[in-house]
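Let me begin by presenting the structure, written as structure tokens, before commenting on it.
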Amino acid sequence: MDRQQTADWRRIDPEGLRDFIDELRDYVPAIERDVAHLRVASADREALGSLFRSLHNVKGDAALCGVHLAVAMVHPIETLLARVRRNEAPFTNRLAELVLLLVDRLELAMTRLAAGRAVADLQVEPMVEGIEDLAQLAPSELDEGMAEVIEMLTGCRPLASSGFTVAGESNAPPAAAPLRPRDDLAFFQSLACQLDGRSPRFAGRTERLVRLALETNQEVGETIDPGQLEAAVYMHDIGMMFLAEAVWLKSTKMTAEDRRALHLHPDYAAGLLSRMAGWSEAAEMVAQHHEMPDGKGYPRGLPVAGICPGARLLGIVDAFESVMLKHDHRGRKRAVLLAIAEINACDRQFAPEWIAPFNQVVRRLLEVR
């Protein structure tokens, strides 16, 4: 750590600090998204490269803005990720936790500096020195070393497994600290109900989405984990609550600025899920549910091979509900028929393998009605 540059952290140009904070906010959703993806696909070189570039750009922008504290904070984690890119170390749960913890601490430190507040209690120096030391450890020592840094910063020793499936780790939590997925799902459901309550038109929306998604998944033999899918349905639009209501509840045509803001909502929700043990699959579904097989979706414009099955299904269900809301003035049954016709007509927008089972579920629902 360059103590000369960070000896007096208050000697930062206020304008440069504001510019850096704005840039940092743009990078954080992408960092969280890539971490969520790597927790379930640790060998994905594209996601690893994207994460490395985002952190490298954060460091570069900090240097340009004269925010040397941020440079010092990001550099050691970048060095550690460089080892992963060279196949000298694996991307593990603890590395994911460390990256997110550093980003959280970086955002908090910058916010405090902008407000003229002290950052001494954030343990920045011990964190940076601890991560610098990690870069020198053998691969077999890294996991324990990262656990010690995380424990130093949080006061809690991380579990050997956080409920995610990654190379070299078990998916089963220790018996002394069992996960409580039903409690989590109940909480996710309560958040979704809060979102539904923002507009009378959303009444019953979450219940309909969950039913459509789970029954379509059942139609193909539950190839997607039902609990992860249910969590993704509850959480997929929670990011909307971090946007101004004027953006997503407006009845007039969206501006280009509105659309840019709207395109952030998958990353907000995925970022929340990725920080909770056991929900990395759901986080990936949420992050990708607006991606399209033709590569014209958002936020990343992923090709079809890069979109997970749960996101492909969730994209159809979510679009179906949106079209129904558009036609709800025509009556419920008519809206359903118009929505299913539109979904089937958009063959390049949705994953074709989910269209037939989704049609079967909707047909049954119409017959019941």
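By order of appearance in the structure tokens: chains A, B, ..., then residues from 1 within every chain, and ligands from 1 in the order shown.
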
* If we count only C-alpha atoms, what is near A:Met285 at a cut-off of 7 Å, once residues fewer than 3 positions away on the same chain are taken out, given as number ranges by chain? -> A: 232, 281-282, 288-289, 308, 310-311

* Asked: Out of stretch 74-262 of chain A, which residues get helix (DSSP H, G or I) from DSSP, as a VMD selection string?
  -> chain A and resid 74 to 85 93 to 114 120 to 122 124 to 134 139 to 154 181 to 196 200 to 202 205 to 219 226 to 235 238 to 242 245 to 248 256 to 262

* Considering only C-alpha atoms, state which residue in the set A:Val119, A:Ala36, A:Ile224, A:Ala192 is at the smallest distance from A:Leu313. => A:Ile224

* Please provide as an NGL selection string all residues within 12 Å of A:Gln360, with the sequence filter that same-chain residues fewer than 2 positions apart are discarded (counting only C-alpha atoms). => :A and (212 or 215-220 or 340 or 354-358 or 362-367)

Sorted by chain and rising residue number, list the residues of stretch 218-267 of chain A at most 12 Å from stretch 20-29 of chain A (counting only C-alpha atoms), each with its closest atom pair and distance in Å to one decimal, as a Markdown table.
```
| residue | atom | partner | partner_atom | distance |
| --- | --- | --- | --- | --- |
| A:Gly239 | CA | A:Pro29 | CA | 11.1 |
| A:Arg260 | CA | A:Asp26 | CA | 11.4 |
| A:Ala261 | CA | A:Asp26 | CA | 11.0 |
| A:His263 | CA | A:Pro29 | CA | 10.9 |
| A:Leu264 | CA | A:Pro29 | CA | 7.6 |
| A:His265 | CA | A:Pro29 | CA | 9.3 |
| A:Pro266 | CA | A:Pro29 | CA | 9.0 |
| A:Asp267 | CA | A:Pro29 | CA | 5.3 |
```

Residues from last step as file, N, CA and C atoms, as a CSV table (one decimal), in the first residue's frame:
```csv
chain,number,residue,atom,x,y,z
A,239,GLY,N,-35.6,-4.4,-8.5
A,239,GLY,CA,-34.7,-3.3,-8.8
A,239,GLY,C,-35.5,-2.0,-9.3
A,260,ARG,N,-32.5,4.1,-20.3
A,260,ARG,CA,-31.2,3.8,-19.7
A,260,ARG,C,-31.3,3.5,-18.2
A,261,ALA,N,-32.2,4.3,-17.6
A,261,ALA,CA,-32.4,4.0,-16.1
A,261,ALA,C,-33.1,2.6,-15.9
A,263,HIS,N,-32.9,0.0,-17.7
A,263,HIS,CA,-32.0,-1.1,-18.0
A,263,HIS,C,-31.1,-1.5,-16.8
A,264,LEU,N,-31.1,-0.7,-15.8
A,264,LEU,CA,-30.3,-1.0,-14.6
A,264,LEU,C,-31.0,-1.9,-13.6
A,265,HIS,N,-32.3,-2.0,-13.7
A,265,HIS,CA,-33.0,-2.7,-12.7
A,265,HIS,C,-32.7,-4.2,-12.5
A,266,PRO,N,-32.4,-5.0,-13.6
A,266,PRO,CA,-32.0,-6.4,-13.3
A,266,PRO,C,-30.7,-6.5,-12.5
A,267,ASP,N,-29.7,-5.6,-12.7
A,267,ASP,CA,-28.5,-5.6,-11.9
A,267,ASP,C,-28.7,-5.3,-10.5
```
